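> Please see the structure below; I have some questions.
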Amino acid sequence: MLTDSGNISIAADKLWEMFKITPDDLSKLKVIEGSVYLTRKCNLSCQYCKIIKTQFDLELGLEEWKEALMIMESLGIRFVNIAGGEPTVLPWIGELIRFINEETSMEYSIVSNSTFKDSRLDELVNAGLKTYVASIDVLGGEDNGLGHLKKSSSGIKMLHRLKEKGVPNLCGNIVITACNIDNVMDVVEYLNDNGFWTNICPIIWGKGDKWEKTEIMDNSYRLTEAHEEKMSLISERLIQMKKAGALILPTEEYLRNMPSLGVRLNWKCFNGGIPPRLIVDADGAVMDCINVRGKTSKQFNIFDFSNKAAYKEYMKAWKDNVAECSGCYWSTMYTAKERQKMLGQMKAKLY
Ligand SMILES: C[S@@+](CC[C@H](N)C(=O)[O-])C[C@H]1O[C@@H](n2cnc3c(N)ncnc32)[C@H](O)[C@@H]1O
Ligand code: SF4
């Protein structure tokens, strides 16, 4: 097992261990993580959310998603992050979770605003839900609309309920904003003390679905260089906690660079040359990245990839498609790239 500098021995990389990668896979795989925006619809409207600003007349249905997931698996994807919009507004979400558990060998997580009814909770648990991520974004600040507070308090309650029901992997996702920067560590400590993982990410304040129409977020939410000192304190504390065995999901390197890259949003996912994640939108289009539909969405749909030649073309086209991007710092994207780096290191040790 590698040491912490190789980043896979510590408990925080447990999800990685679940990938079940064999040395043979390693020699063939490139992209091993995927994200799906199951829907762009949502029952809330968080101030900082760009996803819901794009809506489609037609979204994929259950059977199409099953097919899309089978294609993703056939391409070598081992882990799927199920997001939206709000995935739990879909009446068939439980059935999709059951399908992934029973018909694929992929691991997954589902991220939700936790505002769904008990009947949906039962459906998810009965389907064998393994990994649930609750958004716990806002606990204080000036502009906490009711929706945001609702999402955080529902998230915490939901984690406890799912723990009681035996769901094994439970995590809170915290978006650091100018509003909650003073109390994020209280939330991390609360999560850790209760046996829940923390994923954490600075607010992504730029970029919309179109490069040319970059929308800069409201200053009451976005982080600026004035927040760098507070971000450094958060970063140091998180690393300290992680080293002491706390349930902190992002890699140490990600946390270390968060004060600078997380404020400036100039980390580039494309420096590695291949997409860190395969991202499929609610209409089946393949996206440039988690933030932007971009040129890729006009060229490729997940169903094109039942033909492996189309997947190869996407791999080639992607780097040019994203070349204009000034960057971001989503923890999910970074972690995906880190996992590829880990694969490289592991492969080097094995061969
Ligand atoms: C887009 S939401 C979709 C799932 C679900 N509706 C929810 O809110 O958890 C996925 C995660 O992205 C986070 N998020 C939304 N907008 C963001 C932004 N501008 N920067 C960073 N994270 C953001 C949300 O708080 C949530 O934890
Ligand atoms: S709950 Fe999730 S999808 Fe809905 S508006 Fe908030 S961040 Fe966006």
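Letters A, B, ... mark the chains of the structure tokens in the order given; residue numbers begin at 1 per chain; ligand numbers begin at 1, in order shown.
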Could you give me, as a list in words, every polymer residue with an atom at most 7 Å away from an atom of ligand 1, counting only C-alpha atoms and all ligand atoms?
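The residues within 7 Å of ligand 1, counting only C-alpha atoms and all ligand atoms, are Cys42, Tyr48, Cys49, Lys50, Ile51, Ala83, Gly84, Gly85, Glu86, Pro87, Val111, Ser112, Asn113, Ala134, Ser135, Asp137, Asn173, Ile174, Val175, Cys201, Pro202, Ile203, Ile204, Trp205 and Trp330 of chain A.
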> Those same residues - N, CA and C atoms - I'd like them written as a PDB file, in the first residue's frame.

```pdb
ATOM      1  N   CYS A  42     -35.152  21.041 -10.007  1.00  0.00           N
ATOM      2  CA  CYS A  42     -34.905  21.039  -8.567  1.00  0.00           C
ATOM      3  C   CYS A  42     -36.079  21.687  -7.843  1.00  0.00           C
ATOM      4  N   TYR A  48     -26.321  30.323  -5.411  1.00  0.00           N
ATOM      5  CA  TYR A  48     -25.065  30.112  -6.128  1.00  0.00           C
ATOM      6  C   TYR A  48     -25.144  29.012  -7.179  1.00  0.00           C
ATOM      7  N   CYS A  49     -26.314  28.426  -7.375  1.00  0.00           N
ATOM      8  CA  CYS A  49     -26.409  27.249  -8.250  1.00  0.00           C
ATOM      9  C   CYS A  49     -26.640  27.632  -9.703  1.00  0.00           C
ATOM     10  N   LYS A  50     -25.761  27.165 -10.573  1.00  0.00           N
ATOM     11  CA  LYS A  50     -25.913  27.455 -11.995  1.00  0.00           C
ATOM     12  C   LYS A  50     -26.635  26.334 -12.735  1.00  0.00           C
ATOM     13  N   ILE A  51     -26.603  25.169 -12.152  1.00  0.00           N
ATOM     14  CA  ILE A  51     -27.143  24.001 -12.853  1.00  0.00           C
ATOM     15  C   ILE A  51     -28.605  24.232 -13.262  1.00  0.00           C
ATOM     16  N   ALA A  83     -25.762  13.244  -9.617  1.00  0.00           N
ATOM     17  CA  ALA A  83     -26.104  14.585  -9.154  1.00  0.00           C
ATOM     18  C   ALA A  83     -27.223  15.161 -10.008  1.00  0.00           C
ATOM     19  N   GLY A  84     -27.438  16.437  -9.882  1.00  0.00           N
ATOM     20  CA  GLY A  84     -28.460  17.128 -10.670  1.00  0.00           C
ATOM     21  C   GLY A  84     -28.144  18.610 -10.592  1.00  0.00           C
ATOM     22  N   GLY A  85     -29.146  19.382 -10.651  1.00  0.00           N
ATOM     23  CA  GLY A  85     -30.503  19.305 -10.180  1.00  0.00           C
ATOM     24  C   GLY A  85     -30.644  18.418  -8.937  1.00  0.00           C
ATOM     25  N   GLU A  86     -31.876  18.098  -8.653  1.00  0.00           N
ATOM     26  CA  GLU A  86     -32.115  17.294  -7.462  1.00  0.00           C
ATOM     27  C   GLU A  86     -32.544  15.889  -7.885  1.00  0.00           C
ATOM     28  N   PRO A  87     -31.645  14.907  -7.749  1.00  0.00           N
ATOM     29  CA  PRO A  87     -31.967  13.562  -8.248  1.00  0.00           C
ATOM     30  C   PRO A  87     -33.195  12.941  -7.590  1.00  0.00           C
ATOM     31  N   VAL A 111     -25.723  12.729  -4.560  1.00  0.00           N
ATOM     32  CA  VAL A 111     -25.688  13.982  -3.790  1.00  0.00           C
ATOM     33  C   VAL A 111     -27.062  14.635  -3.876  1.00  0.00           C
ATOM     34  N   SER A 112     -27.543  15.062  -2.706  1.00  0.00           N
ATOM     35  CA  SER A 112     -28.932  15.531  -2.660  1.00  0.00           C
ATOM     36  C   SER A 112     -29.101  16.665  -1.663  1.00  0.00           C
ATOM     37  N   ASN A 113     -30.190  17.423  -1.850  1.00  0.00           N
ATOM     38  CA  ASN A 113     -30.499  18.498  -0.894  1.00  0.00           C
ATOM     39  C   ASN A 113     -31.300  17.975   0.307  1.00  0.00           C
ATOM     40  N   ALA A 134     -24.915  14.526   1.552  1.00  0.00           N
ATOM     41  CA  ALA A 134     -25.908  15.572   1.843  1.00  0.00           C
ATOM     42  C   ALA A 134     -25.230  16.932   1.719  1.00  0.00           C
ATOM     43  N   SER A 135     -25.862  17.858   1.036  1.00  0.00           N
ATOM     44  CA  SER A 135     -25.293  19.211   0.979  1.00  0.00           C
ATOM     45  C   SER A 135     -25.559  19.913   2.295  1.00  0.00           C
ATOM     46  N   ASP A 137     -24.512  23.331   3.196  1.00  0.00           N
ATOM     47  CA  ASP A 137     -23.761  24.483   2.699  1.00  0.00           C
ATOM     48  C   ASP A 137     -23.742  25.674   3.625  1.00  0.00           C
ATOM     49  N   ASN A 173     -21.424  17.514   2.112  1.00  0.00           N
ATOM     50  CA  ASN A 173     -20.668  18.334   1.162  1.00  0.00           C
ATOM     51  C   ASN A 173     -20.832  19.791   1.557  1.00  0.00           C
ATOM     52  N   ILE A 174     -19.707  20.448   1.841  1.00  0.00           N
ATOM     53  CA  ILE A 174     -19.769  21.854   2.260  1.00  0.00           C
ATOM     54  C   ILE A 174     -19.181  22.728   1.162  1.00  0.00           C
ATOM     55  N   VAL A 175     -19.940  23.736   0.737  1.00  0.00           N
ATOM     56  CA  VAL A 175     -19.432  24.725  -0.214  1.00  0.00           C
ATOM     57  C   VAL A 175     -19.026  25.947   0.613  1.00  0.00           C
ATOM     58  N   CYS A 201     -15.460  22.254  -0.721  1.00  0.00           N
ATOM     59  CA  CYS A 201     -15.139  22.862  -2.013  1.00  0.00           C
ATOM     60  C   CYS A 201     -15.391  24.365  -1.895  1.00  0.00           C
ATOM     61  N   PRO A 202     -14.484  25.206  -2.382  1.00  0.00           N
ATOM     62  CA  PRO A 202     -14.795  26.635  -2.385  1.00  0.00           C
ATOM     63  C   PRO A 202     -15.902  26.907  -3.391  1.00  0.00           C
ATOM     64  N   ILE A 203     -16.638  27.954  -3.190  1.00  0.00           N
ATOM     65  CA  ILE A 203     -17.706  28.261  -4.141  1.00  0.00           C
ATOM     66  C   ILE A 203     -17.108  28.571  -5.509  1.00  0.00           C
ATOM     67  N   ILE A 204     -17.715  27.990  -6.530  1.00  0.00           N
ATOM     68  CA  ILE A 204     -17.253  28.265  -7.898  1.00  0.00           C
ATOM     69  C   ILE A 204     -18.083  29.449  -8.378  1.00  0.00           C
ATOM     70  N   TRP A 205     -17.435  30.615  -8.478  1.00  0.00           N
ATOM     71  CA  TRP A 205     -18.224  31.835  -8.656  1.00  0.00           C
ATOM     72  C   TRP A 205     -18.275  32.337 -10.085  1.00  0.00           C
ATOM     73  N   TRP A 330     -13.197  22.725  -8.429  1.00  0.00           N
ATOM     74  CA  TRP A 330     -14.157  21.773  -7.871  1.00  0.00           C
ATOM     75  C   TRP A 330     -13.383  20.628  -7.223  1.00  0.00           C
TER      76      TRP A 330
END
```
> May I have the residues within 8 Å of Cys289 in chain A as a PyMOL selection string, using only C-alpha atoms and disregarding those fewer than 5 positions away in the same chain?
chain A and resi 275+277-279
> Out of A:Lys242, A:Lys341, A:Lys298, A:Lys30, which residue has the shortest atom-to-atom distance to Ile274 in chain A when counting only C-alpha atoms?
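Nearest candidate to Ile274 in chain A out of A:Lys242, A:Lys341, A:Lys298, A:Lys30: A:Lys30.
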> In Å, rounded to a single decimal, give me how far atom 5 (S, counted along the ligand's line) of ligand 2 is from CA of Ser260 in chain A.
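Straight-line distance from CA of Ser260 in chain A to atom 5 (S, counted along the ligand's line) of ligand 2 works out to 26.5 Å.
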> Taking only range 66-120 of chain A into account, list the residues labelled strand (DSSP E) by DSSP (computed from the backbone), as a list in words.
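Selection result, strand (DSSP E) within range 66-120 of chain A: Phe79, Val80, Asn81, Ile82, Ala83, Glu107, Tyr108, Ser109, Ile110, Val111 and Ser112 of chain A.
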> Can those selected residues be exported to a file as an mmCIF file, in the first residue's frame so that it contains N, CA and C atoms?

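Result went into part_20.cif, see below:
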```
data_model
loop_
_atom_site.group_PDB
_atom_site.id
_atom_site.type_symbol
_atom_site.label_atom_id
_atom_site.label_comp_id
_atom_site.auth_asym_id
_atom_site.auth_seq_id
_atom_site.Cartn_x
_atom_site.Cartn_y
_atom_site.Cartn_z
ATOM 1 N N PHE A 79 -16.699 4.461 -11.032
ATOM 2 C CA PHE A 79 -17.403 5.202 -9.977
ATOM 3 C C PHE A 79 -18.246 6.302 -10.618
ATOM 4 N N VAL A 80 -19.502 6.365 -10.234
ATOM 5 C CA VAL A 80 -20.385 7.394 -10.806
ATOM 6 C C VAL A 80 -20.922 8.286 -9.694
ATOM 7 N N ASN A 81 -20.763 9.584 -9.912
ATOM 8 C CA ASN A 81 -21.317 10.561 -8.985
ATOM 9 C C ASN A 81 -22.690 10.968 -9.548
ATOM 10 N N ILE A 82 -23.739 10.646 -8.793
ATOM 11 C CA ILE A 82 -25.094 10.937 -9.284
ATOM 12 C C ILE A 82 -25.529 12.276 -8.710
ATOM 13 N N ALA A 83 -25.762 13.244 -9.617
ATOM 14 C CA ALA A 83 -26.104 14.585 -9.154
ATOM 15 C C ALA A 83 -27.223 15.161 -10.008
ATOM 16 N N GLU A 107 -19.262 1.494 -8.444
ATOM 17 C CA GLU A 107 -19.615 2.158 -7.191
ATOM 18 C C GLU A 107 -20.219 3.516 -7.545
ATOM 19 N N TYR A 108 -20.904 4.107 -6.595
ATOM 20 C CA TYR A 108 -21.563 5.392 -6.892
ATOM 21 C C TYR A 108 -21.772 6.156 -5.595
ATOM 22 N N SER A 109 -22.039 7.463 -5.766
ATOM 23 C CA SER A 109 -22.583 8.237 -4.646
ATOM 24 C C SER A 109 -23.718 9.066 -5.216
ATOM 25 N N ILE A 110 -24.652 9.429 -4.342
ATOM 26 C CA ILE A 110 -25.728 10.305 -4.790
ATOM 27 C C ILE A 110 -25.680 11.551 -3.919
ATOM 28 N N VAL A 111 -25.723 12.729 -4.560
ATOM 29 C CA VAL A 111 -25.688 13.982 -3.790
ATOM 30 C C VAL A 111 -27.062 14.635 -3.876
ATOM 31 N N SER A 112 -27.543 15.062 -2.706
ATOM 32 C CA SER A 112 -28.932 15.531 -2.660
ATOM 33 C C SER A 112 -29.101 16.665 -1.663
#
```
> Please list as a ChimeraX atom specification every residue within 12 Å of range 237-241 of chain A, counting only C-alpha atoms and excluding residues in the same chain fewer than 6 positions away.
/A:4,12,184-189,192-193,198-200,230-231,247-259
> Would you please extract all alpha helix (DSSP H) residues from range 76-225 of chain A, as assigned by DSSP on the backbone, and give them as a PyMOL selection string?
chain A and resi 93-103+118-126+146-164+184-193
> Using N, CA and C atoms, can you export the residues from the last selection as a CSV table (one decimal), in the first residue's frame?

```
chain,number,residue,atom,x,y,z
A,93,ILE,N,-35.9,7.2,-9.0
A,93,ILE,CA,-34.5,7.2,-8.5
A,93,ILE,C,-34.2,5.9,-7.7
A,94,GLY,N,-35.1,5.4,-6.9
A,94,GLY,CA,-34.8,4.2,-6.2
A,94,GLY,C,-34.6,3.0,-7.1
A,95,GLU,N,-35.3,3.0,-8.2
A,95,GLU,CA,-35.2,1.9,-9.2
A,95,GLU,C,-33.8,2.0,-9.9
A,96,LEU,N,-33.4,3.2,-10.1
A,96,LEU,CA,-32.1,3.4,-10.7
A,96,LEU,C,-30.9,2.9,-9.8
A,97,ILE,N,-31.1,3.3,-8.5
A,97,ILE,CA,-30.1,2.8,-7.5
A,97,ILE,C,-30.0,1.3,-7.5
A,98,ARG,N,-31.2,0.7,-7.4
A,98,ARG,CA,-31.3,-0.8,-7.4
A,98,ARG,C,-30.6,-1.4,-8.7
A,99,PHE,N,-30.8,-0.7,-9.8
A,99,PHE,CA,-30.2,-1.2,-11.1
A,99,PHE,C,-28.7,-1.1,-11.0
A,100,ILE,N,-28.2,0.0,-10.5
A,100,ILE,CA,-26.7,0.1,-10.4
A,100,ILE,C,-26.1,-1.0,-9.4
A,101,ASN,N,-26.8,-1.2,-8.3
A,101,ASN,CA,-26.4,-2.2,-7.4
A,101,ASN,C,-26.4,-3.6,-7.9
A,102,GLU,N,-27.5,-3.9,-8.7
A,102,GLU,CA,-27.7,-5.3,-9.1
A,102,GLU,C,-27.1,-5.6,-10.5
A,103,GLU,N,-27.1,-4.6,-11.4
A,103,GLU,CA,-26.8,-4.9,-12.8
A,103,GLU,C,-25.4,-4.4,-13.2
A,118,ASP,N,-40.5,10.9,3.3
A,118,ASP,CA,-40.1,9.6,3.9
A,118,ASP,C,-40.2,8.4,2.9
A,119,SER,N,-41.2,8.5,2.0
A,119,SER,CA,-41.5,7.4,1.1
A,119,SER,C,-40.2,7.3,0.2
A,120,ARG,N,-39.7,8.4,-0.2
A,120,ARG,CA,-38.5,8.4,-1.1
A,120,ARG,C,-37.3,7.8,-0.3
A,121,LEU,N,-37.2,8.2,0.9
A,121,LEU,CA,-36.1,7.7,1.8
A,121,LEU,C,-36.2,6.1,1.9
A,122,ASP,N,-37.4,5.6,2.1
A,122,ASP,CA,-37.6,4.2,2.1
A,122,ASP,C,-37.2,3.5,0.8
A,123,GLU,N,-37.6,4.2,-0.3
A,123,GLU,CA,-37.3,3.6,-1.6
A,123,GLU,C,-35.8,3.5,-1.8
A,124,LEU,N,-35.1,4.5,-1.4
A,124,LEU,CA,-33.6,4.5,-1.6
A,124,LEU,C,-32.9,3.5,-0.7
A,125,VAL,N,-33.4,3.4,0.6
A,125,VAL,CA,-32.8,2.4,1.5
A,125,VAL,C,-33.1,1.0,1.0
A,126,ASN,N,-34.4,0.8,0.6
A,126,ASN,CA,-34.8,-0.6,0.2
A,126,ASN,C,-34.0,-1.0,-1.1
A,146,LEU,N,-34.4,31.0,3.1
A,146,LEU,CA,-35.0,29.9,3.8
A,146,LEU,C,-34.6,28.5,3.2
A,147,GLY,N,-34.6,28.5,1.8
A,147,GLY,CA,-34.2,27.3,1.1
A,147,GLY,C,-32.9,26.8,1.5
A,148,HIS,N,-31.9,27.7,1.6
A,148,HIS,CA,-30.6,27.2,1.9
A,148,HIS,C,-30.5,26.7,3.4
A,149,LEU,N,-31.1,27.3,4.3
A,149,LEU,CA,-31.1,26.8,5.7
A,149,LEU,C,-31.8,25.5,5.7
A,150,LYS,N,-32.9,25.4,5.0
A,150,LYS,CA,-33.6,24.1,4.9
A,150,LYS,C,-32.7,23.0,4.4
A,151,LYS,N,-32.0,23.3,3.4
A,151,LYS,CA,-31.1,22.3,2.8
A,151,LYS,C,-30.1,21.8,3.9
A,152,SER,N,-29.5,22.7,4.6
A,152,SER,CA,-28.5,22.3,5.6
A,152,SER,C,-29.1,21.6,6.7
A,153,SER,N,-30.2,22.1,7.3
A,153,SER,CA,-30.7,21.3,8.5
A,153,SER,C,-31.3,20.0,8.0
A,154,SER,N,-31.9,20.0,6.8
A,154,SER,CA,-32.4,18.7,6.3
A,154,SER,C,-31.3,17.7,6.1
A,155,GLY,N,-30.1,18.2,5.6
A,155,GLY,CA,-29.0,17.4,5.3
A,155,GLY,C,-28.5,16.7,6.6
A,156,ILE,N,-28.3,17.5,7.6
A,156,ILE,CA,-27.8,16.9,8.9
A,156,ILE,C,-28.8,15.8,9.4
A,157,LYS,N,-30.1,16.2,9.4
A,157,LYS,CA,-31.1,15.2,9.9
A,157,LYS,C,-31.0,13.9,9.0
A,158,MET,N,-30.9,14.1,7.7
A,158,MET,CA,-31.0,13.0,6.8
A,158,MET,C,-29.8,12.1,7.1
A,159,LEU,N,-28.6,12.6,7.3
A,159,LEU,CA,-27.4,11.8,7.6
A,159,LEU,C,-27.7,10.9,8.8
A,160,HIS,N,-28.3,11.5,9.8
A,160,HIS,CA,-28.6,10.7,11.0
A,160,HIS,C,-29.6,9.6,10.7
A,161,ARG,N,-30.6,10.0,10.0
A,161,ARG,CA,-31.6,8.9,9.7
A,161,ARG,C,-31.1,7.8,8.8
A,162,LEU,N,-30.2,8.2,7.9
A,162,LEU,CA,-29.6,7.1,7.0
A,162,LEU,C,-28.7,6.2,7.8
A,163,LYS,N,-28.0,6.9,8.8
A,163,LYS,CA,-27.1,6.1,9.6
A,163,LYS,C,-27.9,5.0,10.4
A,164,GLU,N,-29.0,5.5,11.0
A,164,GLU,CA,-29.9,4.6,11.7
A,164,GLU,C,-30.3,3.4,10.9
A,184,VAL,N,-17.6,27.1,8.8
A,184,VAL,CA,-17.4,25.8,8.2
A,184,VAL,C,-16.7,24.8,9.0
A,185,MET,N,-15.7,25.3,9.8
A,185,MET,CA,-15.0,24.3,10.6
A,185,MET,C,-15.9,23.7,11.7
A,186,ASP,N,-16.9,24.5,12.2
A,186,ASP,CA,-17.8,23.9,13.2
A,186,ASP,C,-18.6,22.7,12.5
A,187,VAL,N,-18.9,22.9,11.3
A,187,VAL,CA,-19.7,21.9,10.6
A,187,VAL,C,-18.8,20.7,10.3
A,188,VAL,N,-17.6,20.9,9.9
A,188,VAL,CA,-16.7,19.8,9.7
A,188,VAL,C,-16.5,19.0,11.0
A,189,GLU,N,-16.3,19.7,12.1
A,189,GLU,CA,-16.1,19.0,13.4
A,189,GLU,C,-17.4,18.2,13.8
A,190,TYR,N,-18.5,18.8,13.6
A,190,TYR,CA,-19.8,18.1,13.9
A,190,TYR,C,-19.9,16.8,13.1
A,191,LEU,N,-19.6,17.0,11.7
A,191,LEU,CA,-19.8,15.8,10.9
A,191,LEU,C,-18.8,14.7,11.3
A,192,ASN,N,-17.6,15.1,11.6
A,192,ASN,CA,-16.6,14.1,12.0
A,192,ASN,C,-16.9,13.4,13.3
A,193,ASP,N,-17.4,14.2,14.3
A,193,ASP,CA,-17.7,13.7,15.6
A,193,ASP,C,-18.9,12.7,15.5
```
> Would you mind telling me which residue in A:Cys328, A:Ala310, A:Cys46, A:Leu129 lies nearest to ligand 2 when using only C-alpha atoms and all ligand atoms?
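Of the candidates, the smallest distance to ligand 2 is held by A:Cys46.
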> Work out how far apart CA of Glu225 in chain A and CA of Glu324 in chain A are and give it in Å to one decimal.
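We find that CA of Glu225 in chain A and CA of Glu324 in chain A lie 23.1 Å from each other.
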> Near Asp57 in chain A, counting only C-alpha atoms, which residues have an atom at most 9 Å away, once you skip same-chain residues fewer than 2 positions from it, shown as JSON, numbers by chain?
{"A": [55, 59, 283]}
